[in-house]
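Content type mmCIF, C-alpha atoms, from the file input20.cif:
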```
data_input
#
loop_
_atom_site.label_atom_id
_atom_site.label_comp_id
_atom_site.auth_asym_id
_atom_site.auth_seq_id
_atom_site.Cartn_x
_atom_site.Cartn_y
_atom_site.Cartn_z
CA VAL W 859 0.33 37.02 14.26
CA LEU W 860 3.55 35.10 13.88
CA HIS W 861 6.44 36.71 15.69
CA THR W 862 9.15 36.23 13.15
CA THR W 863 11.80 37.25 15.64
CA ARG W 864 10.98 34.36 17.94
CA PRO W 865 13.38 31.52 17.28
CA LEU W 866 11.79 28.23 16.35
CA HIS W 867 13.02 24.70 16.93
CA THR W 868 15.35 25.67 19.73
CA SER W 869 14.73 22.69 22.00
CA GLN W 870 16.78 19.57 21.82
CA GLN W 871 15.66 17.56 18.82
CA CYS W 872 15.78 13.82 19.24
CA SER W 873 15.82 12.36 15.79
CA ALA W 874 15.56 8.73 16.86
CA PRO W 875 12.10 7.29 17.40
CA LEU W 876 10.80 6.75 20.92
CA PRO W 877 13.20 4.70 23.06
CA PRO W 878 11.96 1.13 23.29
CA LEU W 879 10.12 -0.05 26.39
CA PRO W 880 12.37 -1.66 28.99
CA GLU W 881 12.22 -5.44 28.93
CA LYS W 882 11.56 -6.08 32.59
CA GLY W 883 10.30 -3.88 35.38
CA GLY W 884 12.27 -2.98 38.44
CA GLU W 885 13.35 -5.92 40.54
CA VAL W 886 10.93 -6.68 43.33
CA ARG W 887 11.42 -9.32 45.98
CA HIS W 888 8.43 -11.38 47.15
CA GLY W 889 6.30 -9.26 44.85
CA LEU W 890 6.09 -6.45 47.38
CA ILE W 891 9.42 -4.92 48.33
CA PRO W 892 11.71 -3.37 45.71
CA GLU W 893 15.20 -4.70 45.47
CA GLU W 894 16.61 -1.23 46.15
CA PHE W 895 15.58 -1.59 49.77
CA PHE W 896 17.63 -4.73 50.20
CA GLN W 897 20.59 -3.12 48.42
CA PHE W 898 20.23 -0.09 50.61
CA LEU W 899 20.56 -2.17 53.77
CA TYR W 900 23.16 -4.62 52.47
CA PRO W 901 26.36 -2.68 53.29
CA LYS W 902 25.40 -2.24 56.92
CA THR W 903 23.50 -5.41 57.80
CA GLY W 904 24.38 -7.96 55.13
CA VAL W 905 21.84 -10.27 53.60
CA THR W 906 19.60 -11.00 56.58
CA GLY W 907 19.21 -7.39 57.62
CA PRO W 908 15.93 -6.58 55.90
CA TYR W 909 14.36 -9.85 57.04
CA MET W 910 15.33 -9.16 60.64
CA LEU W 911 13.90 -5.68 60.26
CA GLY W 912 10.69 -7.14 58.88
CA THR W 913 10.32 -9.69 61.66
CA GLY W 914 11.05 -7.18 64.37
CA LEU W 915 8.61 -4.70 62.90
CA LEU W 916 5.91 -7.34 62.64
CA LEU W 917 6.36 -8.47 66.27
CA TYR W 918 6.37 -4.88 67.46
CA LEU W 919 3.14 -4.10 65.60
CA LEU W 920 1.46 -7.23 66.91
CA SER W 921 2.57 -6.87 70.51
CA LYS W 922 1.73 -3.23 70.79
CA GLU W 923 -1.63 -3.90 69.15
CA ILE W 924 -0.90 -1.37 66.47
CA TYR W 925 -2.05 -4.10 64.14
CA VAL W 926 -5.17 -5.63 65.70
CA ILE W 927 -5.99 -9.21 64.86
CA ASN W 928 -9.64 -9.41 63.96
CA HIS W 929 -11.91 -11.17 61.50
CA GLU W 930 -10.36 -9.20 58.67
CA THR W 931 -6.99 -10.79 59.41
CA VAL W 932 -8.40 -14.24 58.71
CA ALA W 933 -10.13 -13.00 55.57
CA ALA W 934 -6.93 -11.32 54.39
CA ALA W 935 -4.96 -14.49 55.01
CA CYS W 936 -7.39 -16.63 52.98
CA ILE W 937 -7.54 -14.12 50.13
CA LEU W 938 -3.77 -13.81 50.05
CA THR W 939 -3.37 -17.58 49.88
CA VAL W 940 -5.79 -17.86 46.99
CA ILE W 941 -4.17 -14.95 45.13
CA ILE W 942 -0.66 -16.26 45.55
CA TYR W 943 -1.73 -19.73 44.43
CA ALA W 944 -3.48 -18.32 41.35
CA VAL W 945 -0.53 -16.14 40.42
CA LYS W 946 1.96 -18.95 40.83
CA LYS W 947 -0.13 -21.35 38.80
CA PHE W 948 -1.52 -19.21 35.98
CA GLY W 949 1.01 -16.41 35.82
CA GLY W 950 3.09 -18.01 33.12
CA ASP W 951 0.12 -18.67 30.85
CA VAL W 952 -1.24 -15.16 31.19
CA ALA W 953 2.19 -13.74 30.49
CA ALA W 954 2.55 -15.90 27.38
CA PHE W 955 -0.88 -14.80 26.16
CA ALA W 956 -0.05 -11.14 26.66
CA ASP W 957 3.27 -11.63 24.91
CA LYS W 958 1.46 -13.26 22.00
CA LEU W 959 -0.90 -10.27 21.71
CA ASN W 960 2.06 -7.93 21.71
CA GLU W 961 3.82 -10.03 19.10
CA GLU W 962 0.77 -9.90 16.86
CA LYS W 963 0.54 -6.14 17.14
CA ILE W 964 4.21 -5.74 16.32
CA ALA W 965 3.90 -8.22 13.46
CA THR W 966 1.01 -6.30 11.89
CA ALA W 967 2.90 -3.03 12.18
CA LEU W 968 6.00 -4.63 10.69
CA ALA W 969 3.92 -6.15 7.91
CA VAL W 970 2.49 -2.74 7.09
CA LYS W 971 5.97 -1.26 7.02
CA ASN W 972 7.31 -4.04 4.78
CA GLU W 973 4.30 -3.73 2.54
CA ALA W 974 4.92 -0.01 2.17
CA ILE W 975 8.61 -0.60 1.45
CA LYS W 976 7.80 -3.23 -1.16
CA ASP W 977 5.26 -0.97 -2.85
CA LEU W 978 7.74 1.86 -2.97
CA GLU W 979 10.44 -0.40 -4.39
CA SER W 980 8.15 -1.67 -7.12
CA ALA W 981 7.19 1.93 -7.85
CA ILE W 982 10.89 2.74 -8.21
CA GLU W 983 11.32 -0.14 -10.64
CA GLN W 984 8.34 1.02 -12.66
CA GLU W 985 9.86 4.48 -12.84
CA LYS W 986 13.16 3.10 -14.06
CA LYS W 987 11.34 1.06 -16.67
CA GLU W 988 9.49 4.14 -17.86
CA GLN W 989 12.76 5.99 -18.13
CA TRP W 990 14.17 3.14 -20.21
CA ARG W 991 11.08 3.26 -22.41
CA VAL W 992 11.63 6.94 -23.06
CA GLU W 993 14.89 6.08 -24.82
CA GLY W 994 12.95 4.08 -27.39
CA ARG W 995 10.97 7.10 -28.48
CA SER W 996 13.02 7.58 -31.66
CA TYR W 997 12.34 4.03 -32.86
CA LEU W 998 8.65 4.55 -32.31
CA PHE W 999 8.58 7.68 -34.40
CA ASP W 1000 10.65 6.08 -37.15
CA ALA W 1001 8.16 3.25 -37.36
CA LYS W 1002 5.30 5.71 -37.51
CA ARG W 1003 7.04 7.69 -40.22
CA ASN W 1004 7.56 4.53 -42.23
CA ASN W 1005 3.93 3.63 -41.88
CA ILE W 1006 2.82 7.01 -43.12
CA ALA W 1007 5.21 6.91 -46.06
CA MET W 1008 3.84 3.50 -46.97
CA LEU W 1009 0.28 4.82 -46.90
CA LEU W 1010 1.17 7.78 -49.07
CA GLU W 1011 2.93 5.55 -51.60
CA THR W 1012 -0.01 3.16 -51.77
CA ASN W 1013 -2.45 5.98 -52.29
CA TYR W 1014 -0.32 7.53 -55.01
CA ARG W 1015 -0.06 4.27 -56.87
CA GLU W 1016 -3.78 3.62 -56.63
CA ARG W 1017 -4.51 7.00 -58.12
CA LEU W 1018 -1.96 6.45 -60.84
CA MET W 1019 -3.73 3.21 -61.70
CA THR W 1020 -7.07 4.98 -61.82
CA VAL W 1021 -5.70 7.62 -64.16
CA TYR W 1022 -4.25 4.98 -66.43
CA ASN W 1023 -7.52 3.08 -66.53
CA GLU W 1024 -9.56 6.16 -67.32
CA VAL W 1025 -7.24 7.26 -70.11
CA LYS W 1026 -7.25 3.77 -71.58
CA LYS W 1027 -11.04 3.72 -71.54
CA ARG W 1028 -11.25 6.97 -73.44
CA LEU W 1029 -8.69 5.86 -75.99
CA ASP W 1030 -10.51 2.55 -76.48
CA TYR W 1031 -13.68 4.46 -77.07
CA GLN W 1032 -12.06 6.51 -79.79
CA VAL W 1033 -10.61 3.40 -81.41
CA ALA W 1034 -13.98 1.65 -81.31
CA MET W 1035 -15.62 4.71 -82.81
CA GLN W 1036 -13.18 4.74 -85.72
CA ASN W 1037 -13.60 1.01 -86.32
CA LEU W 1038 -17.34 1.36 -86.30
CA ARG W 1039 -17.26 4.24 -88.75
CA ARG W 1040 -14.99 2.33 -91.17
CA GLN W 1041 -17.17 -0.74 -90.95
CA LYS W 1042 -20.30 1.23 -91.61
CA GLU W 1043 -18.65 3.03 -94.52
CA GLN W 1044 -17.57 -0.30 -95.98
CA GLU W 1045 -20.98 -1.83 -95.71
CA HIS W 1046 -22.64 1.17 -97.16
CA MET W 1047 -20.25 1.30 -100.05
CA ILE W 1048 -20.69 -2.41 -100.77
CA GLN W 1049 -24.43 -2.05 -100.73
CA TRP W 1050 -24.32 0.99 -102.98
CA VAL W 1051 -22.01 -0.74 -105.42
CA GLU W 1052 -24.22 -3.81 -105.50
CA LYS W 1053 -27.31 -1.72 -105.99
CA SER W 1054 -25.80 0.29 -108.76
CA VAL W 1055 -24.54 -2.85 -110.47
CA VAL W 1056 -27.90 -4.50 -110.22
CA GLN W 1057 -29.56 -1.36 -111.55
CA SER W 1058 -27.13 -1.17 -114.43
CA ILE W 1059 -28.12 -4.63 -115.59
CA THR W 1060 -30.89 -3.58 -118.06
CA PRO W 1061 -33.61 -6.04 -119.02
CA GLN W 1062 -32.07 -6.28 -122.52
CA GLN W 1063 -28.77 -7.35 -121.14
CA GLN W 1064 -30.53 -9.75 -118.84
CA LYS W 1065 -32.29 -11.51 -121.72
CA GLU W 1066 -29.10 -11.73 -123.75
CA SER W 1067 -27.14 -13.13 -120.78
CA ILE W 1068 -29.84 -15.71 -120.07
CA ALA W 1069 -29.88 -16.82 -123.77
CA LYS W 1070 -26.11 -17.08 -123.75
CA CYS W 1071 -26.23 -19.15 -120.58
CA ILE W 1072 -28.78 -21.54 -122.17
CA LEU W 1073 -26.60 -21.97 -125.30
CA ASP W 1074 -23.57 -22.59 -123.11
CA LEU W 1075 -25.46 -25.13 -121.06
CA LYS W 1076 -26.59 -26.95 -124.25
CA ALA W 1077 -23.05 -27.03 -125.51
CA LEU W 1078 -21.86 -28.33 -122.20
CA SER W 1079 -24.55 -30.97 -122.08
CA LYS W 1080 -23.60 -32.07 -125.59
CA SER W 1081 -19.95 -32.30 -124.66
CA ALA W 1082 -20.87 -34.13 -121.48
CA GLN W 1083 -23.03 -36.62 -123.37
CA ALA W 1084 -20.23 -37.10 -125.82
CA ALA W 1085 -17.75 -37.70 -123.05
CA VAL W 1086 -19.98 -40.36 -121.46
CA GLY U 632 19.52 25.25 42.56
CA SER U 633 21.57 22.11 42.52
CA LEU U 634 19.71 20.67 45.51
CA SER U 635 16.32 20.28 43.84
CA GLU U 636 17.91 18.76 40.75
CA ARG U 637 19.35 15.85 42.74
CA CYS U 638 16.61 13.46 43.69
CA LEU U 639 15.69 12.60 47.25
CA MET U 640 17.56 9.31 47.22
CA ASP U 641 20.92 11.02 46.76
CA MET U 642 20.47 13.25 49.82
CA ARG U 643 22.45 13.08 53.00
CA LEU U 644 20.50 13.27 56.26
CA GLY U 645 21.95 16.66 57.21
CA GLU U 646 20.93 18.25 53.93
CA LEU U 647 17.29 17.31 54.28
CA PRO U 648 16.03 20.64 55.73
CA MET U 649 17.78 22.51 52.94
CA TRP U 650 16.14 20.27 50.37
CA LEU U 651 12.73 20.81 51.96
CA ALA U 652 13.31 24.55 51.76
CA THR U 653 13.94 24.42 48.04
CA CYS U 654 10.84 22.32 47.50
CA ASP U 655 7.80 23.92 45.88
CA PHE U 656 4.77 23.59 48.16
CA SER U 657 2.21 25.51 46.11
CA PRO U 658 -0.74 23.47 44.78
CA GLN U 659 0.75 23.38 41.30
CA GLY U 660 4.07 22.36 42.74
CA LEU U 661 2.53 19.59 44.81
CA LEU U 662 0.51 18.40 41.87
CA GLY U 663 3.64 18.43 39.75
CA GLY U 664 5.45 16.46 42.40
CA VAL U 665 2.68 13.88 42.59
CA GLN U 666 2.64 13.65 38.80
CA LYS U 667 6.40 13.12 38.69
CA ALA U 668 6.27 10.45 41.40
CA TRP U 669 3.45 8.57 39.67
CA SER U 670 5.08 8.75 36.24
CA SER U 671 8.41 7.50 37.60
CA TYR U 672 6.67 4.60 39.39
CA TYR U 673 4.59 3.84 36.31
CA ASN U 674 7.53 3.83 33.96
CA LYS U 675 9.61 1.69 36.28
CA TYR U 676 7.16 -1.04 37.23
CA ILE U 677 4.11 -1.04 34.95
CA ASN U 678 5.04 0.37 31.53
CA VAL U 679 7.42 -2.45 30.60
CA LYS U 680 7.30 -5.19 28.00
CA ARG U 681 7.23 -8.14 30.40
CA GLY U 682 6.04 -6.97 33.78
CA GLY U 683 5.02 -9.18 36.61
CA PRO U 684 2.72 -9.06 39.61
CA ALA U 685 4.98 -6.51 41.28
CA GLY U 686 3.51 -3.45 39.62
CA ILE U 687 -0.05 -3.56 40.89
CA SER U 688 0.60 -5.67 43.97
CA MET U 689 2.66 -2.85 45.47
CA LEU U 690 -0.18 -0.45 44.74
CA LEU U 691 -2.68 -2.78 46.40
CA ALA U 692 -0.45 -3.26 49.43
CA GLY U 693 -0.09 0.48 49.76
CA TYR U 694 -3.87 0.85 49.52
CA CYS U 695 -4.34 -1.80 52.23
CA LEU U 696 -1.95 -0.05 54.57
CA LEU U 697 -3.51 3.34 53.90
CA SER U 698 -7.04 2.11 54.52
CA TYR U 699 -5.91 0.36 57.71
CA GLY U 700 -4.35 3.57 58.86
CA TRP U 701 -7.53 5.54 58.17
CA ASN U 702 -9.72 3.01 59.96
CA TYR U 703 -7.38 2.38 62.87
CA GLN U 704 -9.40 4.47 65.29
CA HIS U 705 -12.53 2.52 64.51
CA ILE U 706 -10.85 -0.89 64.54
CA SER U 707 -9.09 -0.38 67.85
CA LYS U 708 -12.30 0.56 69.70
CA ILE U 709 -13.18 -2.07 72.25
CA SER U 710 -16.83 -2.23 71.12
CA PHE U 711 -15.68 -3.24 67.62
CA LEU U 712 -13.31 -5.88 68.97
CA VAL U 713 -15.91 -7.44 71.24
CA SER U 714 -18.50 -7.66 68.49
CA ILE U 715 -16.26 -9.95 66.33
#
```

Go through the file and emit its structure as structure tokens.
Amino acid sequence: VLHTTRPLHTSQQCSAPLPPLPEKGGEVRHGLIPEEFFQFLYPKTGVTGPYMLGTGLLLYLLSKEIYVINHETVAAACILTVIIYAVKKFGGDVAAFADKLNEEKIATALAVKNEAIKDLESAIEQEKKEQWRVEGRSYLFDAKRNNIAMLLETNYRERLMTVYNEVKKRLDYQVAMQNLRRQKEQEHMIQWVEKSVVQSITPQQQKESIAKCILDLKALSKSAQAAV
Amino acid sequence: GSLSERCLMDMRLGELPMWLATCDFSPQGLLGGVQKAWSSYYNKYINVKRGGPAGISMLLAGYCLLSYGWNYQHISKISFLVSI
């Protein structure tokens, strides 16, 4: 159940990301005693105050046997020597290595961020380009309309051609038919005329025409002989 | 009140009993106090970009002192000292 009367988001909102880590830790002198201690004693005792305090404390502890010197003291001294030597010698290298690791982590994170920014920018450019393309819509549709008109025109003309060809074929057929009929009529008539003429030549007429031809030939041969 | 908001370092010596009175000594309070102390130490000396040996060396020194204090009775016994 959500209490709608309860106010939300009332605490102080910090909009900035986490504050960055401090560069260096608190100041520590000799690796053991914070600098605040020295500053605390400085107004009253000056610079040597804490050291005097340390020496006095140490002598008091030793003399009163509050700190007992035993085998562990020797062990502690050796271990401390080794540790201090190691830290002094290899501290810089280890620090550089750790810094390098940190740098790599930060670099990868930064690379990811830059990559994301670049992708978003290219996406923005793509969007702008698409918006520009939208303006060219009208040209696209004009071109399509022209194409369709062209197709329609071509189709119409093809069909017109077909119609013309078909009509011409039919008309040619009619013309050929008429020519054929006339030709056949002519032939038939010629044949009929020839036949009737041949029939009308009676044998009597044939004999007379042959005799006439022979007389003509004799006359011709006589005239030809006379000419030669 | 205003006493508990100021940290221990800003106290005068005379105001110490008053500050102890305002302190919260229940288990949760003590735990909260320990938590606050550890987090302030951690954020000051360990959780930094370029720390040094100071962070853990102080912890180790404190551990040495504490363990010496716990074992003092045993170390100071004469039988222990003679057996070295």

Output of the PyMOL selection byres ((chain U) within 7 of (chain W)), listed as a list in words: Lys675, Tyr676, Ile677, Val679, Lys680, Arg681, Gly682, Pro684, Ala685, Ser688, Met689, Ser707 and Ile715 of chain U

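Interatomic distance, CA of Gly693 (chain U) against CA of Ser921 (chain W): 22.2 Å.
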
Given 4 Å of margin on each side, can you work out the centre and size in Å (one decimal) of an axis-aligned box holding every listed atom of region 922-930 of chain W, as lines of an AutoDock Vina configuration file?
```
center_x = -5.1
center_y = -6.3
center_z = 64.7
size_x = 21.6
size_y = 17.8
size_z = 20.1
```

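From CA of Tyr699 (chain U) back to CA of Trp669 (chain U), the distance works out to 21.9 Å.
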
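Between CA of Lys667 (chain U) and CA of Ala652 (chain U) the separation is 18.7 Å.
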